[in-house]
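Containing mmCIF, C-alpha atoms: entry18.cif.
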data_run
#
loop_
_atom_site.group_PDB
_atom_site.id
_atom_site.type_symbol
_atom_site.label_atom_id
_atom_site.label_comp_id
_atom_site.auth_asym_id
_atom_site.auth_seq_id
_atom_site.Cartn_x
_atom_site.Cartn_y
_atom_site.Cartn_z
ATOM 1 C CA MET X 606 10.091 28.490 17.540
ATOM 2 C CA PRO X 607 8.413 28.754 14.082
ATOM 3 C CA TRP X 608 7.139 25.446 12.829
ATOM 4 C CA TRP X 609 9.228 25.603 9.644
ATOM 5 C CA GLU X 610 12.309 25.915 11.830
ATOM 6 C CA ILE X 611 11.214 22.848 13.781
ATOM 7 C CA ILE X 612 10.893 20.949 10.498
ATOM 8 C CA GLY X 613 14.383 22.061 9.453
ATOM 9 C CA TRP X 614 15.927 20.952 12.737
ATOM 10 C CA THR X 615 14.094 17.632 12.511
ATOM 11 C CA GLY X 616 15.623 16.940 9.099
ATOM 12 C CA SER X 617 19.102 17.807 10.379
ATOM 13 C CA ALA X 618 18.639 15.594 13.450
ATOM 14 C CA LEU X 619 17.605 12.596 11.319
ATOM 15 C CA VAL X 620 20.689 12.957 9.115
ATOM 16 C CA VAL X 621 22.972 13.142 12.161
ATOM 17 C CA ILE X 622 21.288 10.165 13.866
ATOM 18 C CA SER X 623 21.609 8.125 10.657
ATOM 19 C CA LEU X 624 25.389 8.428 10.863
ATOM 20 C CA VAL X 625 25.608 6.595 14.179
ATOM 21 C CA VAL X 626 23.369 3.565 13.507
ATOM 22 C CA PRO X 627 25.201 0.363 12.479
ATOM 23 C CA SER X 628 22.422 -1.061 10.307
ATOM 24 C CA ILE X 629 22.827 -0.145 6.643
ATOM 25 C CA ARG X 630 19.066 -0.285 6.088
ATOM 26 C CA LYS X 631 18.321 1.988 9.077
ATOM 27 C CA PHE X 632 21.092 4.365 8.024
ATOM 28 C CA ARG X 633 19.667 4.689 4.520
ATOM 29 C CA THR X 634 16.091 5.072 5.807
ATOM 30 C CA LEU X 635 16.900 7.785 8.349
ATOM 31 C CA ASN X 636 19.249 9.547 5.943
ATOM 32 C CA LEU X 637 16.583 9.527 3.232
ATOM 33 C CA LEU X 638 13.952 10.984 5.556
ATOM 34 C CA GLY X 639 16.313 13.667 6.816
ATOM 35 C CA SER X 640 17.478 14.593 3.331
ATOM 36 C CA LEU X 641 13.911 14.680 2.002
ATOM 37 C CA ILE X 642 12.855 17.047 4.790
ATOM 38 C CA ALA X 643 15.952 19.169 4.166
ATOM 39 C CA THR X 644 15.136 19.286 0.440
ATOM 40 C CA ILE X 645 11.613 20.556 1.091
ATOM 41 C CA TYR X 646 12.874 23.059 3.675
ATOM 42 C CA ASN X 647 15.499 24.480 1.327
ATOM 43 C CA VAL X 648 13.056 24.673 -1.599
ATOM 44 C CA VAL X 649 10.545 26.596 0.516
ATOM 45 C CA PHE X 650 13.188 29.134 1.461
ATOM 46 C CA GLY X 651 14.858 29.202 -1.960
ATOM 47 C CA ILE X 652 18.218 27.824 -0.791
ATOM 48 C CA TRP X 653 18.802 26.097 -4.089
ATOM 49 C CA PRO X 654 22.353 24.678 -3.732
ATOM 50 C CA TYR X 655 21.383 22.813 -0.552
ATOM 51 C CA ALA X 656 18.031 21.843 -2.017
ATOM 52 C CA ALA X 657 19.808 20.264 -4.991
ATOM 53 C CA MET X 658 22.371 18.502 -2.808
ATOM 54 C CA ASN X 659 19.745 17.008 -0.499
ATOM 55 C CA ALA X 660 17.550 15.991 -3.428
ATOM 56 C CA VAL X 661 20.466 14.027 -4.901
ATOM 57 C CA ILE X 662 21.154 12.388 -1.519
ATOM 58 C CA THR X 663 17.467 11.445 -1.271
ATOM 59 C CA ILE X 664 17.604 9.780 -4.699
ATOM 60 C CA ILE X 665 20.810 7.906 -3.800
ATOM 61 C CA ASP X 666 19.321 6.651 -0.527
ATOM 62 C CA ALA X 667 16.129 5.549 -2.302
ATOM 63 C CA TYR X 668 18.207 3.666 -4.885
ATOM 64 C CA TRP X 669 20.162 1.775 -2.224
ATOM 65 C CA LEU X 670 17.054 0.977 -0.203
ATOM 66 C CA ILE X 671 15.558 -0.617 -3.309
ATOM 67 C CA ARG X 672 18.784 -2.578 -3.800
ATOM 68 C CA LEU X 673 18.768 -3.635 -0.145
ATOM 69 C CA ARG X 674 15.169 -4.799 -0.433
ATOM 70 C CA GLY X 675 16.339 -7.249 -3.040
ATOM 71 C CA GLY X 676 19.493 -8.065 -1.118
ATOM 72 C CA GLY X 677 21.772 -5.466 -2.714
ATOM 73 C CA ALA X 678 25.145 -6.411 -4.079
ATOM 74 C CA ARG X 679 26.111 -8.651 -1.150
ATOM 75 C CA GLU X 680 26.466 -12.332 -1.862
ATOM 76 C CA TYR X 681 25.893 -14.919 0.853
ATOM 77 C CA ARG X 682 26.737 -18.561 1.220
ATOM 78 C CA VAL X 683 25.841 -21.105 3.896
ATOM 79 C CA VAL X 684 28.559 -23.270 5.456
ATOM 80 C CA PRO X 685 27.821 -26.320 7.645
ATOM 81 C CA VAL X 686 29.755 -26.444 10.927
ATOM 82 C CA ASP X 687 29.818 -28.532 14.083
ATOM 83 C CA ALA X 688 27.219 -27.010 16.399
ATOM 84 C CA ALA X 689 29.638 -27.363 19.330
ATOM 85 C CA SER X 690 32.647 -25.994 17.439
ATOM 86 C CA GLY X 691 34.849 -23.074 18.384
ATOM 87 C CA PRO X 692 33.629 -20.718 15.623
ATOM 88 C CA VAL X 693 30.015 -21.232 16.696
ATOM 89 C CA ALA X 694 30.855 -20.723 20.375
ATOM 90 C CA ASP X 695 32.788 -17.554 19.496
ATOM 91 C CA PHE X 696 29.873 -16.160 17.461
ATOM 92 C CA VAL X 697 27.425 -16.897 20.287
ATOM 93 C CA ALA X 698 29.736 -15.279 22.845
ATOM 94 C CA ARG X 699 30.176 -12.117 20.766
ATOM 95 C CA HIS X 700 26.511 -11.751 19.809
ATOM 96 C CA GLY X 701 24.841 -13.284 22.872
ATOM 97 C CA ASP X 702 22.725 -10.248 23.734
ATOM 98 C CA GLY X 703 21.402 -9.928 20.193
ATOM 99 C CA ILE X 704 20.684 -13.650 19.931
ATOM 100 C CA ARG X 705 18.785 -13.672 23.223
ATOM 101 C CA GLY X 706 16.851 -10.628 22.053
ATOM 102 C CA ALA X 707 15.719 -12.548 18.959
ATOM 103 C CA PHE X 708 15.414 -15.959 20.672
ATOM 104 C CA PRO X 709 14.740 -15.265 24.374
ATOM 105 C CA ALA X 710 14.739 -18.954 25.327
ATOM 106 C CA PHE X 711 18.019 -19.763 23.557
ATOM 107 C CA ARG X 712 20.863 -21.200 25.617
ATOM 108 C CA ALA X 713 24.340 -21.936 24.311
ATOM 109 C CA SER X 714 24.079 -25.392 25.892
ATOM 110 C CA ASP X 715 21.288 -26.186 23.388
ATOM 111 C CA LEU X 716 24.006 -26.501 20.761
ATOM 112 C CA GLU X 717 25.643 -29.381 22.659
ATOM 113 C CA ASP X 718 22.762 -31.695 21.737
ATOM 114 C CA SER X 719 24.157 -34.512 19.610
ATOM 115 C CA ASN X 720 21.220 -34.110 17.201
ATOM 116 C CA ALA X 721 21.905 -30.406 16.618
ATOM 117 C CA THR X 722 23.248 -29.169 13.306
ATOM 118 C CA ALA X 723 24.531 -25.676 12.628
ATOM 119 C CA PHE X 724 25.349 -23.455 9.666
ATOM 120 C CA LEU X 725 27.208 -20.181 9.400
ATOM 121 C CA THR X 726 26.000 -17.608 6.878
ATOM 122 C CA MET X 727 29.051 -16.011 5.269
ATOM 123 C CA SER X 728 29.399 -12.729 3.404
ATOM 124 C CA GLY X 729 32.827 -12.876 1.825
ATOM 125 C CA ASP X 730 35.165 -13.707 4.729
ATOM 126 C CA GLU X 731 32.757 -12.286 7.330
ATOM 127 C CA VAL X 732 30.499 -14.428 9.492
ATOM 128 C CA ALA X 733 27.124 -12.755 9.029
ATOM 129 C CA GLY X 734 24.838 -15.179 10.810
ATOM 130 C CA LEU X 735 24.232 -18.432 12.656
ATOM 131 C CA PHE X 736 21.488 -20.991 12.116
ATOM 132 C CA ALA X 737 21.034 -24.118 14.226
ATOM 133 C CA GLN X 738 18.322 -26.751 14.525
ATOM 134 C CA VAL X 739 17.838 -29.971 16.421
ATOM 135 C CA ALA X 740 15.990 -33.098 15.320
ATOM 136 C CA ASP X 741 12.522 -33.344 16.870
ATOM 137 C CA GLY X 742 10.917 -36.434 15.367
ATOM 138 C CA ALA X 743 10.388 -35.778 11.670
ATOM 139 C CA ASP X 744 10.850 -32.050 12.199
ATOM 140 C CA GLY X 745 13.859 -29.861 12.679
ATOM 141 C CA ARG X 746 13.218 -27.498 15.587
ATOM 142 C CA ILE X 747 15.031 -24.217 15.048
ATOM 143 C CA LEU X 748 17.244 -23.234 17.959
ATOM 144 C CA VAL X 749 18.491 -19.980 16.475
ATOM 145 C CA ASP X 750 18.434 -18.019 13.225
ATOM 146 C CA PHE X 751 20.384 -14.827 13.786
ATOM 147 C CA VAL X 752 22.279 -12.405 11.545
ATOM 148 C CA THR X 753 24.335 -9.432 12.638
ATOM 149 C CA GLU X 754 22.643 -6.057 12.428
ATOM 150 C CA ARG X 755 24.349 -4.709 9.323
ATOM 151 C CA HIS X 756 23.219 -7.776 7.361
ATOM 152 C CA ARG X 757 19.649 -7.636 8.635
ATOM 153 C CA ASP X 758 17.558 -7.660 5.477
ATOM 154 C CA LEU X 759 15.720 -10.520 3.823
ATOM 155 C CA LYS X 760 18.478 -11.836 1.569
ATOM 156 C CA PRO X 761 20.483 -13.855 4.163
ATOM 157 C CA GLY X 762 17.299 -15.643 5.230
ATOM 158 C CA SER X 763 16.254 -16.259 1.630
ATOM 159 C CA VAL X 764 19.654 -17.787 0.858
ATOM 160 C CA LEU X 765 19.592 -19.838 4.075
ATOM 161 C CA TYR X 766 16.198 -21.452 3.578
ATOM 162 C CA ALA X 767 16.824 -22.148 -0.106
ATOM 163 C CA ASP X 768 20.115 -23.919 0.637
ATOM 164 C CA GLU X 769 19.942 -27.664 -0.057
ATOM 165 C CA LYS X 770 22.170 -28.519 2.919
ATOM 166 C CA VAL X 771 19.843 -26.665 5.282
ATOM 167 C CA ARG X 772 16.745 -28.225 3.757
ATOM 168 C CA ALA X 773 18.310 -31.694 4.081
ATOM 169 C CA CYS X 774 18.914 -31.342 7.821
ATOM 170 C CA ALA X 775 15.317 -32.341 8.673
ATOM 171 C CA PRO X 776 13.209 -35.071 7.046
ATOM 172 C CA SER X 777 9.956 -33.166 6.822
ATOM 173 C CA ARG X 778 9.775 -29.594 8.112
ATOM 174 C CA LEU X 779 11.621 -26.881 9.931
ATOM 175 C CA VAL X 780 9.574 -25.541 12.823
ATOM 176 C CA VAL X 781 9.844 -22.779 15.406
ATOM 177 C CA GLU X 782 7.556 -21.961 18.314
ATOM 178 C CA VAL X 783 5.824 -18.594 17.819
ATOM 179 C CA GLY X 784 6.428 -17.693 21.451
ATOM 180 C CA ALA X 785 10.132 -18.548 21.220
ATOM 181 C CA VAL X 786 11.011 -15.700 18.860
ATOM 182 C CA SER X 787 10.669 -11.938 19.060
ATOM 183 C CA ASP X 788 9.899 -11.483 15.345
ATOM 184 C CA PRO X 789 7.651 -14.280 14.061
ATOM 185 C CA ASP X 790 6.807 -12.190 10.998
ATOM 186 C CA TYR X 791 10.368 -12.746 9.739
ATOM 187 C CA PHE X 792 9.663 -16.458 9.490
ATOM 188 C CA ARG X 793 6.343 -15.820 7.785
ATOM 189 C CA ARG X 794 8.194 -13.761 5.172
ATOM 190 C CA MET X 795 10.549 -16.717 4.727
ATOM 191 C CA GLY X 796 7.573 -18.919 3.806
ATOM 192 C CA PHE X 797 6.771 -20.446 7.212
ATOM 193 C CA ARG X 798 3.092 -21.060 7.893
ATOM 194 C CA ASP X 799 1.202 -20.796 11.174
ATOM 195 C CA GLU X 800 0.325 -24.159 12.604
ATOM 196 C CA ALA X 801 -1.078 -24.566 16.147
ATOM 197 C CA GLY X 802 1.308 -22.203 17.914
ATOM 198 C CA ARG X 803 4.185 -23.087 15.621
ATOM 199 C CA LEU X 804 5.572 -21.766 12.388
ATOM 200 C CA ALA X 805 6.455 -24.501 9.947
ATOM 201 C CA LEU X 806 8.313 -24.611 6.650
ATOM 202 C CA SER X 807 7.649 -27.714 4.568
ATOM 203 C CA LEU X 808 10.881 -28.903 2.976
ATOM 204 C CA HIS X 809 9.261 -30.946 0.219
ATOM 205 C CA ASP X 810 6.590 -28.684 -1.332
#

Just give me the structure as structure tokens.
Amino acid sequence: MPWWEIIGWTGSALVVISLVVPSIRKFRTLNLLGSLIATIYNVVFGIWPYAAMNAVITIIDAYWLIRLRGGGAREYRVVPVDAASGPVADFVARHGDGIRGAFPAFRASDLEDSNATAFLTMSGDEVAGLFAQVADGADGRILVDFVTERHRDLKPGSVLYADEKVRACAPSRLVVEVGAVSDPDYFRRMGFRDEAGRLALSLHD
């Protein structure tokens, strides 16, 4: 198979794959790559209508990826809830596999601790995420910080950790064990600092 044909099929495959991924960011990224390859392919072979169409799609995808990087048009709010409440239990039951993938040591029973506090991240009427922590001396030890896949960019976390109610739930810092999470870099991007095997966010800087 000629290598240009391989390139063309690769672009088509990326566009098709993009249509079946639930994450908006991944959809836009794969769709952009596929459309960019298709644009180049069609320009090389002088197929101008398809070159123009794919070029426009590439620009649209790039625009939305830039918007998503800044959080896009979605607005989020953080709502305090009882850590042992029905809505929290329902969210954990529905997203248990994803939560355990992000927090391998998490157990639903952790939320029954009387010192645990929880917050739901809302996008309109949709529950987009769950955050819970438990008092550990002067620190708040994070039990879980999880958002559903289609909301997985940096804005929900930025809103969460800037929220006064969340910052008031621990006297000094919020902390999470590096080994307790699958993506410690997320917390670093949220302003947490490495500290002897932990990541810590000072609440009074």

Selected by the PyMOL selection byres ((chain X and resi 738) around 8) in the shown coordinates: which residues, as a ChimeraX atom specification?
/X:721-723,736-737,739-740,745-749

Got a sec: who's within 6 Å of range 636-642 of chain X, counting all atoms listed in the file, leaving out chain neighbours fewer than 3 positions off, as a PyMOL selection string?
chain X and resi 616+619-620+623+632-633+645+659+663+666

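Distance-wise, CA of Arg794 in chain X and CA of Ala713 in chain X end up 26.3 Å apart.
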
Find the residue from X:Leu716, X:Gly796, X:Gly742, X:His756 that sits nearest to Gly691 in chain X; use all atoms listed in the file when measuring.
X:Leu716

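Residues selected in this file by the PyMOL selection byres ((chain X and resi 701) around 12) comprise Val693, Ala694, Asp695, Phe696, Val697, Ala698, Arg699, His700, Asp702, Gly703, Ile704, Arg705, Gly706, Ala707, Phe708, Pro709, Ala710, Phe711, Arg712, Ala713, Leu735, Val749, Phe751, Val752 and Thr753 of chain X.
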
Could those residues be written to a file, using C-alpha atoms, as a short mmCIF file (atom, residue, chain, number, x, y, z; two decimals), in the coordinates of the input?
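Everything below was put into part16.cif:
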data_model
loop_
_atom_site.label_atom_id
_atom_site.label_comp_id
_atom_site.auth_asym_id
_atom_site.auth_seq_id
_atom_site.Cartn_x
_atom_site.Cartn_y
_atom_site.Cartn_z
CA VAL X 693 30.02 -21.23 16.70
CA ALA X 694 30.86 -20.72 20.38
CA ASP X 695 32.79 -17.55 19.50
CA PHE X 696 29.87 -16.16 17.46
CA VAL X 697 27.42 -16.90 20.29
CA ALA X 698 29.74 -15.28 22.84
CA ARG X 699 30.18 -12.12 20.77
CA HIS X 700 26.51 -11.75 19.81
CA ASP X 702 22.72 -10.25 23.73
CA GLY X 703 21.40 -9.93 20.19
CA ILE X 704 20.68 -13.65 19.93
CA ARG X 705 18.78 -13.67 23.22
CA GLY X 706 16.85 -10.63 22.05
CA ALA X 707 15.72 -12.55 18.96
CA PHE X 708 15.41 -15.96 20.67
CA PRO X 709 14.74 -15.26 24.37
CA ALA X 710 14.74 -18.95 25.33
CA PHE X 711 18.02 -19.76 23.56
CA ARG X 712 20.86 -21.20 25.62
CA ALA X 713 24.34 -21.94 24.31
CA LEU X 735 24.23 -18.43 12.66
CA VAL X 749 18.49 -19.98 16.48
CA PHE X 751 20.38 -14.83 13.79
CA VAL X 752 22.28 -12.40 11.54
CA THR X 753 24.34 -9.43 12.64
#

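Compared by their closest atoms to Ala689 in chain X, and using all atoms listed in the file, the residues X:Ser617, X:Ser763, X:Thr726, X:Ser719 rank with X:Ser719 nearest.
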
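Of note, CA of Asp687 in chain X and CA of Glu731 in chain X are spaced 17.8 Å apart.
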
Please expand the PyMOL selection byres ((chain X and resi 771) around 10) into the concrete residues it hits in this file, giving the result as a ChimeraX atom specification.
/X:683-685,722-724,736-738,764-770,772-775,779,808

Rounded to one decimal place, report the CA of Arg798 in chain X-CA of Ala688 in chain X distance in Å.
26.3 Å

If we count all atoms listed in the file, what is near Arg674 in chain X at a cut-off of 12 Å, once residues fewer than 5 positions away on the same chain are taken out, given as a VMD selection string?
chain X and resid 629 to 630 633 to 634 667 to 669 679 756 to 761 763

Identify the residues around (5.8, -26.3, 6.1) within a radius of 10 Å, measuring from only C-alpha atoms in the coordinates stated by the file, and give them as a ChimeraX atom specification.
/X:744,777-780,796-800,804-810

Who sits within 12 Å of Phe650 in chain X, all atoms listed in the file, same chain under 6 positions skipped, as a VMD selection string
chain X and resid 609 to 610 613 643 to 644 656

Go ahead and save the residues from that selection, with C-alpha atoms, as a JSON list (two decimals), keeping the file's coordinate frame.
[["chain", "number", "residue", "atom", "x", "y", "z"],
["X", 609, "TRP", "CA", 9.23, 25.60, 9.64],
["X", 610, "GLU", "CA", 12.31, 25.92, 11.83],
["X", 613, "GLY", "CA", 14.38, 22.06, 9.45],
["X", 643, "ALA", "CA", 15.95, 19.17, 4.17],
["X", 644, "THR", "CA", 15.14, 19.29, 0.44],
["X", 656, "ALA", "CA", 18.03, 21.84, -2.02]]

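Take the candidates X:Pro789, X:Ser714, X:Tyr655, X:Tyr681 and check each one against Gly729 in chain X using all atoms listed in the file; the shortest distance goes to X:Tyr681.
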
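Closest to Val781 in chain X among X:Arg793, X:Ile622, X:Glu680, X:Arg803 is X:Arg803, based on all atoms listed in the file.
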